[in-house]
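Enquirer: My structure is below; once you've seen it, I'll send some questions.
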Number of protein chains: 4
Amino acid sequence: MEEIEKVRLGVIGVGRIGKVHIENLVNRIPAVEVLEVADVDMDEAGRVAGKYRIPSHSTNHRNIMDRSDIDAIVICSSTDSHAQLIEEGAAAGKAVFCEKPIDLSLERIHKTLAVVKDSGVKLQIGFNRRFDANFSKAQEMVATGKIGQPHVLRITSRDPAPPPKDYILSSGGIFLDMTIHDFDMTRFLLRSEVKEVYARGEVLVDPVFKEADDWDTAVITLSFDNGAVGLIDNSRRAVYGYDQRVEVFGSDGMVTVGNETQDSHTYLDAGGDHSALPQYFFLERYMDSYREEMNAFIDSVRNDTDPPVTGHDGLMAVIIGLAAKKSAHENRPVAIEEILSHS
Amino acid sequence: MEEIEKVRLGVIGVGRIGKVHIENLVNRIPAVEVLEVADVDMDEAGRVAGKYRIPSHSTNHRNIMDRSDIDAIVICSSTDSHAQLIEEGAAAGKAVFCEKPIDLSLERIHKTLAVVKDSGVKLQIGFNRRFDANFSKAQEMVATGKIGQPHVLRITSRDPAPPPKDYILSSGGIFLDMTIHDFDMTRFLLRSEVKEVYARGEVLVDPVFKEADDWDTAVITLSFDNGAVGLIDNSRRAVYGYDQRVEVFGSDGMVTVGNETQDSHTYLDAGGDHSALPQYFFLERYMDSYREEMNAFIDSVRNDTDPPVTGHDGLMAVIIGLAAKKSAHENRPVAIEEILSHS
Amino acid sequence: MEEIEKVRLGVIGVGRIGKVHIENLVNRIPAVEVLEVADVDMDEAGRVAGKYRIPSHSTNHRNIMDRSDIDAIVICSSTDSHAQLIEEGAAAGKAVFCEKPIDLSLERIHKTLAVVKDSGVKLQIGFNRRFDANFSKAQEMVATGKIGQPHVLRITSRDPAPPPKDYILSSGGIFLDMTIHDFDMTRFLLRSEVKEVYARGEVLVDPVFKEADDWDTAVITLSFDNGAVGLIDNSRRAVYGYDQRVEVFGSDGMVTVGNETQDSHTYLDAGGDHSALPQYFFLERYMDSYREEMNAFIDSVRNDTDPPVTGHDGLMAVIIGLAAKKSAHENRPVAIEEILSHS
Amino acid sequence: MEEIEKVRLGVIGVGRIGKVHIENLVNRIPAVEVLEVADVDMDEAGRVAGKYRIPSHSTNHRNIMDRSDIDAIVICSSTDSHAQLIEEGAAAGKAVFCEKPIDLSLERIHKTLAVVKDSGVKLQIGFNRRFDANFSKAQEMVATGKIGQPHVLRITSRDPAPPPKDYILSSGGIFLDMTIHDFDMTRFLLRSEVKEVYARGEVLVDPVFKEADDWDTAVITLSFDNGAVGLIDNSRRAVYGYDQRVEVFGSDGMVTVGNETQDSHTYLDAGGDHSALPQYFFLERYMDSYREEMNAFIDSVRNDTDPPVTGHDGLMAVIIGLAAKKSAHENRPVAIEEILSHS
């Protein structure tokens, strides 16, 4: 076992996704040392530090920023703090991993990315699905020409149950909270930019979405620079669990990624052929992808290479989301150019 | 074996689809006697009559119309003759089965349906896919509430190869020639009318479609009276064969119909897990559905019941197709109401 | 349509399987004319002749044998008449298709095959499963070396429900009535002869099998001349329908044939992922194979080529069945040689 | 996070499987502290201790036995040391987890189990497959009566490649090294004892197995106390990877567990429908089951409950293996009673 230079980390935010990253960083990624965690909830910060033998914890993220022995930060706090923390991290010369979205305001994202650019630090955005083995395989097959020229992309993305009302109200709406992952997936799979979006939203699952001036069901048509077209459909509630499917059809073939099931059994009785449901939700379905995205971040820090998901990627997904939102509100196709020219 | 009252038939048009119907009528449906066939090609009419032991054949469809011993006619001639032949059949008091579409002009369809209505004869339109066992099963599951309230409908429909240029030029375009089947399928599956259509067409397969002011690739968003939304995608060329899939997602579940494969073998070698392609094209994939739609027509004649696919169904599919065409030309959502008010 | 020379046929036995063959011969195979049917039940013979417009029918199969305008006979009568009818057909110079088994006595089979050989007529035995598209595909893949050297063959063959008691009592037992198809399948797939059999029978489904000194559940181990080994399992009752699966594993890969389902729908609800059961029984599952075996018989008559399933094939399947029966009775492996040397 | 009483462990043997257990114990099971590791290779023991921050390591397992602060031991050394180490652990009052098999000699197993019984310590044997989520699900369905009375059990178990020659020579042969897992699986799934075994071995993969008086391909028939019958087939080399399938067929239904694939993509091109191979080998396929069996062992220590896989289970699998070996050598069915009466 060779001696490795470890990347020393601070983690800001130890909520649900923060814990996922810490678990991976501490137990599954050897080239890492988590030196400190910060969270607005001191007790929770302490519990997590204790469980994972992390030496320091506090409620003040500035401690992390100010430590010269910390190389990189992982931002898992609430969306409205992302831009500020990225900027502080950049100013402190840390490599930054930040959960999506960077911000809900284009203006603010542009400002943050300018700060990052000026500072020269690395920034990786948390589009974890790119690191899922199945979607990676699909991407690789598209990239290596196995399907020829891409013609039609289909994505189905449905949650098992809606989030709480509070979350809905501050989420930025279905297109910026949920479809944003699918928008990033289209760019990842096709390596082509979206030209125009037509989105249609409906409230079919829960009237709370109407209250929030939001939708719980959406279908989106996209056109891409490379000539391809895309269809996405979303629902906030699929009774059978998390539905995450992708398909890219092209001139020479098609690659499809279906759901991963809870187990591989099949049961036949007089009534039919029965098998297991899809994995219940993102923590089950995408657990490995969280580890892989963190591995990729650590690798880019250790080897001084570009992170695989950039600030620009974070920006573009928000732009498409804003176009979709505008399209659904105005019931007309919206060109990406239109959003860009207003930002 | 009880004595059955046979329905006596004349068939007009003995091209590809005409032969399919005659084969089924003569060899697979006992309660039928085909007494005469007509086709513009006298030799072909003769060959078919000989092969199937049909007593009479001619180039003049009026012979069939004028025979008092013929109860019903099956119209398989070219699209531009459909409306005229339906009207003649109605005038002659025959039950009429006619291939889709009734006509490409809404005005003409309205006139034809008025003639049919006044005459009181039965009219069935050839939307054969409704009679496919798989789609019937899906429809039944939706109708009996197995998926709860329908939310999202997805249809993928791709041909293995484009038709010849001549056909393309007179087809009415992808939405009236190809998607028309999918439009009918949405009405069949949801038992709800389309409210609005947004369609996007591309030429990605063959420049000939550009010449024809047509598209070879299309994606369509639909909204329905019952609140559901739908997505359709079409391509004129899938290298792996005929791709015919349907999915209805609702509040309590989802029903999906995948492709039927050429056989059920699976082969594993060091390179992967390989299995058979989908059935090649409609004659392979939908053969049984052609027999079943003809059975249904014969049953409605024998039992004096309403045919399962009506002139109204034929009309509505054309209306949606015209809305889609307008939408793709103008790049905006088009309400069905807008088409109706102009017809 | 070119003029074809039709093969003129007589069919002996118009029970369930006889009707299947007549339906195919009359309606699906152009190069055939069925001139006469015989059955011990005169009314049934008349009904079938009427339905299929067959000119003659009687209770006396000798009529068919004596007609010089009949080229070939199809024997679908009860097992105990097979050998006698084959011999009469051979004496009359007819090409003979006979349902399996030729006889339950090896001695009688040898005598019958000697008569056939001396007469020089063609004899095809009704192992229809060889003509199933799925099993044919598997056989072709084995024959063309896709799996390399065959190592392990697995066959699962289960009926949906046991036959009536009368049938059970005269069936010759599970190995000669049911597994005989699987024994033939092993020879078809591997193109190698069985060397030794170890069979174990149990009565788990219905005590009537015990009364009949028979079994309703069986597992069989086989070894083959080419070094491969095989496993077969049978049951007289699978509540989920007809279970017909085959797998050949070899040095370079594996080919598997799964069940064909009643339709291709999938239904997901909160309780699981549900799909259609296998085809119910042999008439549903193997309908196409009956047509194809008859096509092959007619082709061999028309083109004067060897039939694809010979009297020797019929003999070998019975020999393996007798070995299995002896093995199950004596609970020891039985070499095929041991059966051969006693016959 | 509540304070938990940790189980303090020593691990003997840090080879391939030892490392798997240590990784799980250290990183994935909170209620455990690994205090010491022992291995005949001092350097390797040191490397593993360093990597996992285990305080002590040595070449002398007696250190572990003699420490009063160690509650339990995990034995991952070579098979010939298992019995001795279990006995020493029992004498030292440690709870013992030991990899399969306990020993290749029945006499020695009996002696060891007597020592364990007298000492009153817990002993769990490493049949990890029982803890696989898929097989657990199948077992649960059988146990809860979902398939009714079990009739036929089928297991296919194939390795991707044979072990090295040295391993083969000391492995005890295919039935005690490889099929032993399947024998345990039959007892796990059916909760019924084997009555009789008929096994047939062949050398088809590599002549080295002939040199070792062993086989590389095997098929086994089993009968059980509950009336069911079973079929197992094994191969030392499947070019497509690790093939691990199980099926239990009963009076009311069937449960099947298929392979887990490397990913869930499907690729269709003009040549066919292609998907991913099974997981490559046991470390990929059964990784989670190793964690779960260790969790179960730790739980039984912490809660003072019976371990889920007992010494008796370890004994029975060896007995069935010896019966199979004898059967294959003598080419006759061998009753378990016959082995029992000689031990």
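Following the order of the structure tokens, chains are lettered A, B, ..., residues in each are numbered from 1, and ligands are numbered from 1.
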Excluding stretch 204-221 of chain C and residues on its chain fewer than 4 positions from it, collect all residues at most 6 Å away from it, counting only C-alpha atoms, and give them as a list in words.
Expert: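 What passes the distance filter is Leu169, Gly173, Val197, Tyr198, Ala199, Arg200, Gly230, Leu231, Ile232, Asp233, Asn234, Ser235 and Arg236 of chain C.
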Enquirer: Residues as selected, N, CA and C atoms, written as a compact mmCIF listing (two decimals), in the first residue's frame, can you do that?
Expert:
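What follows is the written file again.txt:
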# COMPACT_ATOMS: atom_id res chain seq x y z
N LEU C 169 -53.84 -43.24 -17.69
CA LEU C 169 -53.70 -44.70 -17.59
C LEU C 169 -53.14 -45.32 -18.86
N GLY C 173 -47.03 -43.38 -19.33
CA GLY C 173 -46.30 -42.76 -18.22
C GLY C 173 -45.64 -41.47 -18.64
N VAL C 197 -29.06 -42.33 -18.64
CA VAL C 197 -30.16 -41.57 -18.07
C VAL C 197 -30.31 -41.90 -16.59
N TYR C 198 -30.48 -40.87 -15.78
CA TYR C 198 -30.91 -41.11 -14.41
C TYR C 198 -32.16 -40.27 -14.17
N ALA C 199 -33.25 -40.96 -13.82
CA ALA C 199 -34.52 -40.25 -13.67
C ALA C 199 -35.10 -40.51 -12.29
N ARG C 200 -35.74 -39.48 -11.79
CA ARG C 200 -36.38 -39.60 -10.48
C ARG C 200 -37.80 -39.06 -10.63
N GLY C 230 -27.03 -33.20 -19.28
CA GLY C 230 -28.29 -32.49 -19.39
C GLY C 230 -29.17 -32.69 -18.18
N LEU C 231 -30.01 -31.70 -17.92
CA LEU C 231 -30.98 -31.79 -16.83
C LEU C 231 -32.35 -31.43 -17.38
N ILE C 232 -33.33 -32.25 -17.06
CA ILE C 232 -34.71 -31.95 -17.45
C ILE C 232 -35.57 -31.98 -16.19
N ASP C 233 -36.49 -31.04 -16.08
CA ASP C 233 -37.48 -31.20 -15.02
C ASP C 233 -38.88 -31.02 -15.58
N ASN C 234 -39.78 -31.86 -15.10
CA ASN C 234 -41.16 -31.87 -15.58
C ASN C 234 -42.13 -31.79 -14.42
N SER C 235 -43.26 -31.15 -14.70
CA SER C 235 -44.37 -31.23 -13.76
C SER C 235 -45.65 -31.26 -14.57
N ARG C 236 -46.62 -32.00 -14.06
CA ARG C 236 -47.91 -32.07 -14.73
C ARG C 236 -48.78 -30.87 -14.40
Enquirer: Need to verify the contact set: D:Ile319, 8 Å, only C-alpha atoms, exclusion of same-chain residues closer than 5 positions in sequence. Can you return it as a ChimeraX atom specification?
Expert: /D:106,336,339-340
Enquirer: Hey, what's within 9 Å of A:His82 if we count only C-alpha atoms and toss same-chain stuff fewer than 3 positions away? As a list in words, please?
Expert: Ile75, Cys76, Ser77, Ser78, Thr79, Leu85, Ile86, Glu87, Cys98, Glu99, Lys100, Pro101, Ile102 and Asp103 of chain A
Enquirer: Report as CSV: every residue of chain D with an atom at most 9 Å from chain B, its closest pair of atoms, and their distance in Å to one decimal, counting only C-alpha atoms, with rows sorted by chain and ascending residue number.
Expert:
residue,atom,partner,partner_atom,distance
D:Ala238,CA,B:Ala270,CA,8.6
D:Val239,CA,B:Ala270,CA,5.2
D:Tyr240,CA,B:Ala270,CA,4.5
D:Gly241,CA,B:Ala270,CA,7.6
D:Leu268,CA,B:Tyr240,CA,6.2
D:Asp269,CA,B:Tyr240,CA,5.2
D:Ala270,CA,B:Tyr240,CA,4.5
D:Gly271,CA,B:Tyr240,CA,7.3
D:Gly272,CA,B:Leu277,CA,5.0
D:Asp273,CA,B:Ser275,CA,5.0
D:His274,CA,B:His274,CA,4.4
D:Ser275,CA,B:Asp273,CA,5.0
D:Ala276,CA,B:Gly272,CA,5.5
D:Leu277,CA,B:Gly272,CA,5.0
D:Pro278,CA,B:Asp273,CA,8.7
Enquirer: Excluding stretch 289-301 of chain B and any residue of its chain fewer than 6 positions from it, enumerate the residues within 9 Å of it, using only C-alpha atoms, and give them as a compact mmCIF listing (two decimals) with all heavy atoms, in the first residue's frame.
Expert:
# COMPACT_ATOMS: atom_id res chain seq x y z
N VAL B 7 -71.76 -13.18 -43.85
CA VAL B 7 -71.77 -11.83 -44.39
C VAL B 7 -71.10 -11.89 -45.77
O VAL B 7 -69.99 -12.43 -45.90
CB VAL B 7 -71.01 -10.86 -43.47
CG1 VAL B 7 -70.91 -9.48 -44.12
CG2 VAL B 7 -71.70 -10.78 -42.11
N VAL B 20 -53.94 -8.43 -47.21
CA VAL B 20 -53.98 -8.85 -45.80
C VAL B 20 -55.42 -9.10 -45.38
O VAL B 20 -55.74 -10.13 -44.77
CB VAL B 20 -53.34 -7.76 -44.90
CG1 VAL B 20 -53.64 -8.03 -43.42
CG2 VAL B 20 -51.85 -7.68 -45.14
N HIS B 21 -56.31 -8.18 -45.71
CA HIS B 21 -57.71 -8.34 -45.30
C HIS B 21 -58.35 -9.54 -45.99
O HIS B 21 -59.09 -10.30 -45.36
CB HIS B 21 -58.49 -7.06 -45.62
CG HIS B 21 -58.14 -5.92 -44.71
ND1 HIS B 21 -58.04 -6.05 -43.36
CD2 HIS B 21 -57.86 -4.61 -44.97
CE1 HIS B 21 -57.72 -4.88 -42.80
NE2 HIS B 21 -57.59 -3.99 -43.78
N GLU B 23 -56.91 -12.28 -47.14
CA GLU B 23 -56.37 -13.49 -46.51
C GLU B 23 -57.11 -13.82 -45.21
O GLU B 23 -57.51 -14.96 -44.97
CB GLU B 23 -54.87 -13.29 -46.23
CG GLU B 23 -54.21 -14.29 -45.32
CD GLU B 23 -53.84 -15.59 -46.00
OE1 GLU B 23 -53.64 -15.57 -47.24
OE2 GLU B 23 -53.79 -16.63 -45.32
N ASN B 24 -57.31 -12.80 -44.40
CA ASN B 24 -58.02 -13.02 -43.13
C ASN B 24 -59.49 -13.37 -43.36
O ASN B 24 -60.02 -14.28 -42.73
CB ASN B 24 -57.93 -11.76 -42.24
CG ASN B 24 -56.56 -11.64 -41.60
OD1 ASN B 24 -55.94 -12.64 -41.21
ND2 ASN B 24 -56.06 -10.41 -41.48
N LEU B 25 -60.12 -12.62 -44.26
CA LEU B 25 -61.56 -12.83 -44.50
C LEU B 25 -61.81 -14.23 -45.05
O LEU B 25 -62.76 -14.91 -44.64
CB LEU B 25 -62.08 -11.77 -45.49
CG LEU B 25 -62.16 -10.35 -44.92
CD1 LEU B 25 -62.30 -9.33 -46.04
CD2 LEU B 25 -63.34 -10.24 -43.94
N ARG B 28 -59.57 -17.05 -42.28
CA ARG B 28 -59.57 -17.06 -40.82
C ARG B 28 -60.90 -16.61 -40.20
O ARG B 28 -61.05 -16.66 -38.99
CB ARG B 28 -58.43 -16.19 -40.29
CG ARG B 28 -57.08 -16.80 -40.60
CD ARG B 28 -55.92 -16.07 -40.03
NE ARG B 28 -54.70 -16.76 -40.42
CZ ARG B 28 -54.08 -16.63 -41.61
NH1 ARG B 28 -54.61 -15.82 -42.51
NH2 ARG B 28 -53.00 -17.33 -41.88
N ILE B 29 -61.82 -16.15 -41.00
CA ILE B 29 -63.09 -15.69 -40.44
C ILE B 29 -64.21 -16.49 -41.09
O ILE B 29 -64.54 -16.27 -42.25
CB ILE B 29 -63.26 -14.17 -40.66
CG1 ILE B 29 -62.03 -13.43 -40.09
CG2 ILE B 29 -64.55 -13.68 -40.01
CD1 ILE B 29 -62.08 -11.93 -40.21
N ALA B 31 -67.48 -16.61 -40.80
CA ALA B 31 -68.82 -16.08 -41.09
C ALA B 31 -68.82 -15.10 -42.25
O ALA B 31 -69.57 -14.13 -42.28
CB ALA B 31 -69.37 -15.40 -39.83
N VAL B 32 -67.98 -15.35 -43.24
CA VAL B 32 -67.80 -14.39 -44.33
C VAL B 32 -67.71 -15.11 -45.67
O VAL B 32 -67.15 -16.20 -45.76
CB VAL B 32 -66.48 -13.60 -44.08
CG1 VAL B 32 -65.90 -13.09 -45.39
CG2 VAL B 32 -66.72 -12.47 -43.11
N ASP B 71 -73.45 -7.55 -48.87
CA ASP B 71 -73.89 -6.83 -47.66
C ASP B 71 -72.95 -5.71 -47.26
O ASP B 71 -73.37 -4.73 -46.66
CB ASP B 71 -73.94 -7.81 -46.47
CG ASP B 71 -74.76 -9.04 -46.76
OD1 ASP B 71 -75.90 -8.89 -47.23
OD2 ASP B 71 -74.24 -10.16 -46.53
N ALA B 72 -71.68 -5.92 -47.54
CA ALA B 72 -70.69 -5.00 -46.95
C ALA B 72 -69.50 -4.87 -47.88
O ALA B 72 -69.19 -5.78 -48.65
CB ALA B 72 -70.23 -5.53 -45.60
N ALA B 95 -72.76 -1.90 -45.55
CA ALA B 95 -71.89 -1.62 -44.40
C ALA B 95 -70.50 -1.40 -44.97
O ALA B 95 -70.07 -2.11 -45.88
CB ALA B 95 -71.89 -2.79 -43.43
N VAL B 96 -69.79 -0.42 -44.41
CA VAL B 96 -68.50 -0.03 -45.00
C VAL B 96 -67.37 -0.13 -43.99
O VAL B 96 -67.46 0.43 -42.88
CB VAL B 96 -68.56 1.42 -45.52
CG1 VAL B 96 -67.21 1.83 -46.12
CG2 VAL B 96 -69.68 1.60 -46.56
N PHE B 97 -66.30 -0.83 -44.38
CA PHE B 97 -65.04 -0.75 -43.67
C PHE B 97 -64.09 0.00 -44.57
O PHE B 97 -63.94 -0.35 -45.75
CB PHE B 97 -64.49 -2.16 -43.39
CG PHE B 97 -63.13 -2.11 -42.75
CD1 PHE B 97 -62.98 -2.20 -41.38
CD2 PHE B 97 -61.97 -1.97 -43.52
CE1 PHE B 97 -61.74 -2.14 -40.78
CE2 PHE B 97 -60.72 -1.90 -42.93
CZ PHE B 97 -60.60 -1.98 -41.55
N LYS B 122 -73.49 1.31 -41.50
CA LYS B 122 -72.37 1.24 -40.57
C LYS B 122 -71.09 1.65 -41.28
O LYS B 122 -70.89 1.30 -42.45
CB LYS B 122 -72.20 -0.20 -40.07
CG LYS B 122 -73.30 -0.69 -39.19
CD LYS B 122 -73.09 -2.16 -38.84
CE LYS B 122 -74.40 -2.78 -38.39
NZ LYS B 122 -75.10 -2.04 -37.32
N LEU B 123 -70.22 2.34 -40.54
CA LEU B 123 -68.90 2.68 -41.08
C LEU B 123 -67.84 2.40 -40.02
O LEU B 123 -67.93 2.92 -38.89
CB LEU B 123 -68.86 4.17 -41.46
CG LEU B 123 -67.47 4.71 -41.84
CD1 LEU B 123 -66.90 4.01 -43.08
CD2 LEU B 123 -67.53 6.23 -42.07
N GLN B 124 -66.87 1.58 -40.38
CA GLN B 124 -65.74 1.33 -39.47
C GLN B 124 -64.46 1.79 -40.14
O GLN B 124 -64.22 1.50 -41.32
CB GLN B 124 -65.66 -0.17 -39.10
CG GLN B 124 -64.49 -0.47 -38.15
CD GLN B 124 -64.48 -1.91 -37.63
OE1 GLN B 124 -65.54 -2.53 -37.47
NE2 GLN B 124 -63.30 -2.44 -37.36
N GLY B 126 -60.21 1.92 -40.33
CA GLY B 126 -59.17 0.92 -40.09
C GLY B 126 -58.05 1.32 -39.14
O GLY B 126 -56.88 1.25 -39.53
N PHE B 127 -58.38 1.68 -37.92
CA PHE B 127 -57.34 1.87 -36.92
C PHE B 127 -57.06 0.52 -36.25
O PHE B 127 -57.52 0.24 -35.15
CB PHE B 127 -57.72 2.94 -35.91
CG PHE B 127 -57.62 4.33 -36.47
CD1 PHE B 127 -58.71 5.17 -36.50
CD2 PHE B 127 -56.40 4.80 -36.97
CE1 PHE B 127 -58.61 6.45 -37.03
CE2 PHE B 127 -56.30 6.08 -37.51
CZ PHE B 127 -57.41 6.91 -37.54
N ASN B 128 -56.28 -0.29 -36.94
CA ASN B 128 -56.09 -1.68 -36.53
C ASN B 128 -55.41 -1.84 -35.19
O ASN B 128 -55.61 -2.83 -34.49
CB ASN B 128 -55.28 -2.41 -37.59
CG ASN B 128 -53.90 -1.79 -37.76
OD1 ASN B 128 -53.80 -0.64 -38.22
ND2 ASN B 128 -52.86 -2.50 -37.37
N ARG B 129 -54.56 -0.84 -34.82
CA ARG B 129 -53.77 -1.04 -33.59
C ARG B 129 -54.63 -1.17 -32.34
O ARG B 129 -54.22 -1.73 -31.35
CB ARG B 129 -52.78 0.12 -33.42
CG ARG B 129 -51.75 0.15 -34.51
CD ARG B 129 -50.72 1.24 -34.28
NE ARG B 129 -49.94 1.45 -35.49
CZ ARG B 129 -49.03 2.39 -35.66
NH1 ARG B 129 -48.79 3.24 -34.66
NH2 ARG B 129 -48.36 2.51 -36.78
N ARG B 130 -55.86 -0.63 -32.43
CA ARG B 130 -56.78 -0.81 -31.30
C ARG B 130 -57.05 -2.29 -31.03
O ARG B 130 -57.50 -2.64 -29.93
CB ARG B 130 -58.12 -0.13 -31.59
CG ARG B 130 -58.05 1.39 -31.65
CD ARG B 130 -59.46 1.95 -31.78
NE ARG B 130 -59.47 3.40 -31.81
CZ ARG B 130 -60.45 4.16 -31.31
NH1 ARG B 130 -61.52 3.57 -30.77
NH2 ARG B 130 -60.38 5.47 -31.37
N PHE B 131 -56.85 -3.13 -32.03
CA PHE B 131 -57.19 -4.54 -31.90
C PHE B 131 -55.99 -5.41 -31.56
O PHE B 131 -56.10 -6.62 -31.46
CB PHE B 131 -57.88 -5.01 -33.19
CG PHE B 131 -59.14 -4.27 -33.46
CD1 PHE B 131 -59.14 -3.10 -34.22
CD2 PHE B 131 -60.34 -4.70 -32.92
CE1 PHE B 131 -60.29 -2.38 -34.45
CE2 PHE B 131 -61.51 -3.98 -33.14
CZ PHE B 131 -61.50 -2.82 -33.91
N ASP B 132 -54.84 -4.77 -31.40
CA ASP B 132 -53.67 -5.49 -30.94
C ASP B 132 -53.89 -5.94 -29.50
O ASP B 132 -54.33 -5.14 -28.66
CB ASP B 132 -52.45 -4.57 -31.04
CG ASP B 132 -51.20 -5.19 -30.44
OD1 ASP B 132 -50.65 -6.10 -31.08
OD2 ASP B 132 -50.82 -4.80 -29.32
N ALA B 133 -53.56 -7.17 -29.20
CA ALA B 133 -53.83 -7.72 -27.86
C ALA B 133 -53.13 -6.93 -26.76
O ALA B 133 -53.66 -6.77 -25.66
CB ALA B 133 -53.41 -9.18 -27.80
N LEU B 283 -46.60 -5.43 -40.92
CA LEU B 283 -47.23 -6.69 -41.33
C LEU B 283 -46.90 -7.81 -40.35
O LEU B 283 -47.72 -8.69 -40.09
CB LEU B 283 -46.79 -7.08 -42.74
CG LEU B 283 -47.40 -6.22 -43.85
CD1 LEU B 283 -46.97 -6.72 -45.22
CD2 LEU B 283 -48.93 -6.20 -43.76
N PRO B 307 -70.11 -0.32 -34.91
CA PRO B 307 -68.72 -0.70 -35.12
C PRO B 307 -67.84 -0.07 -34.05
O PRO B 307 -68.14 1.02 -33.56
CB PRO B 307 -68.37 -0.14 -36.50
CG PRO B 307 -69.56 0.54 -37.03
CD PRO B 307 -70.63 0.55 -35.98
N PRO B 308 -66.75 -0.74 -33.66
CA PRO B 308 -65.92 -0.24 -32.55
C PRO B 308 -65.05 0.97 -32.91
O PRO B 308 -64.58 1.65 -32.01
CB PRO B 308 -65.05 -1.45 -32.21
CG PRO B 308 -65.02 -2.28 -33.44
CD PRO B 308 -66.32 -2.05 -34.15
Enquirer: When you draw a straight line from atom CA of A:His181 to atom CA of A:Phe281, how long is it in Å?
Expert: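 Separating atom CA of A:His181 from atom CA of A:Phe281 is a distance of 14.3 Å.
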Enquirer: If you measure from atom CA of D:Val115 to atom CA of D:Met185, what distance in Å do you get, rounded to one decimal?
Expert: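 Spanning atom CA of D:Val115 to atom CA of D:Met185 is a straight-line distance of 26.1 Å.
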Enquirer: Got a sec to tell me which of stretch 148-244 of chain B DSSP assigns to strand (DSSP E or B), as JSON, numbers by chain?
Expert: {"B": [150, 151, 152, 153, 154, 155, 156, 157, 158, 194, 195, 196, 197, 198, 199, 200, 201, 202, 217, 218, 219, 220, 221, 222, 223, 224, 229, 230, 231, 232, 233, 234, 235, 243, 244]}
Enquirer: Please identify which residues in stretch 46-279 of chain C DSSP calls helix (DSSP H, G or I) from the backbone, and express them as a VMD selection string.
Expert: chain C and resid 46 to 51 61 to 66 79 to 91 106 to 119 128 to 131 133 to 143 165 to 170 174 to 177 179 to 190 208 to 211
Enquirer: What is the atom CA of B:Ser264-atom CA of C:Gln279 distance in Å, reported with one decimal?
Expert: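 Between atom CA of B:Ser264 and atom CA of C:Gln279 the gap works out to 12.8 Å.
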Enquirer: With a distance cut-off of 8 Å and only C-alpha atoms, select the neighbouring residues of B:His151, excluding the residue or stretch itself and same-chain residues fewer than 4 positions from it, and output the selection as a PyMOL selection string.
Expert: (chain A and resi 204+217) or (chain B and resi 227-229+248-251)
Enquirer: I need the chosen residues saved as a compact mmCIF listing (two decimals), in the first residue's frame, with N, CA, C and O atoms.
Expert:
# COMPACT_ATOMS: atom_id res chain seq x y z
N LEU A 204 -51.74 17.78 -11.00
CA LEU A 204 -52.57 16.57 -11.00
C LEU A 204 -52.38 15.76 -9.72
O LEU A 204 -53.18 14.90 -9.40
N THR A 217 -46.64 17.97 -12.37
CA THR A 217 -46.53 17.10 -13.53
C THR A 217 -46.07 17.97 -14.68
O THR A 217 -46.61 19.06 -14.85
N GLY B 227 -57.27 16.25 -18.28
CA GLY B 227 -56.16 16.79 -17.51
C GLY B 227 -54.82 16.14 -17.81
O GLY B 227 -53.77 16.69 -17.47
N ALA B 228 -54.84 14.97 -18.43
CA ALA B 228 -53.59 14.27 -18.73
C ALA B 228 -52.79 15.02 -19.80
O ALA B 228 -53.33 15.85 -20.53
N VAL B 229 -51.51 14.72 -19.84
CA VAL B 229 -50.66 15.22 -20.92
C VAL B 229 -50.02 14.02 -21.62
O VAL B 229 -49.90 12.94 -21.05
N VAL B 248 -48.93 4.38 -20.17
CA VAL B 248 -49.86 5.30 -19.52
C VAL B 248 -49.57 5.28 -18.03
O VAL B 248 -49.63 4.24 -17.37
N PHE B 249 -49.24 6.46 -17.53
CA PHE B 249 -48.88 6.64 -16.13
C PHE B 249 -50.01 7.38 -15.43
O PHE B 249 -50.51 8.37 -15.96
N GLY B 250 -50.40 6.88 -14.27
CA GLY B 250 -51.50 7.55 -13.57
C GLY B 250 -51.29 7.60 -12.07
O GLY B 250 -50.23 7.22 -11.56
N SER B 251 -52.32 8.05 -11.40
CA SER B 251 -52.21 8.28 -9.95
C SER B 251 -51.97 7.00 -9.17
O SER B 251 -51.40 7.02 -8.09
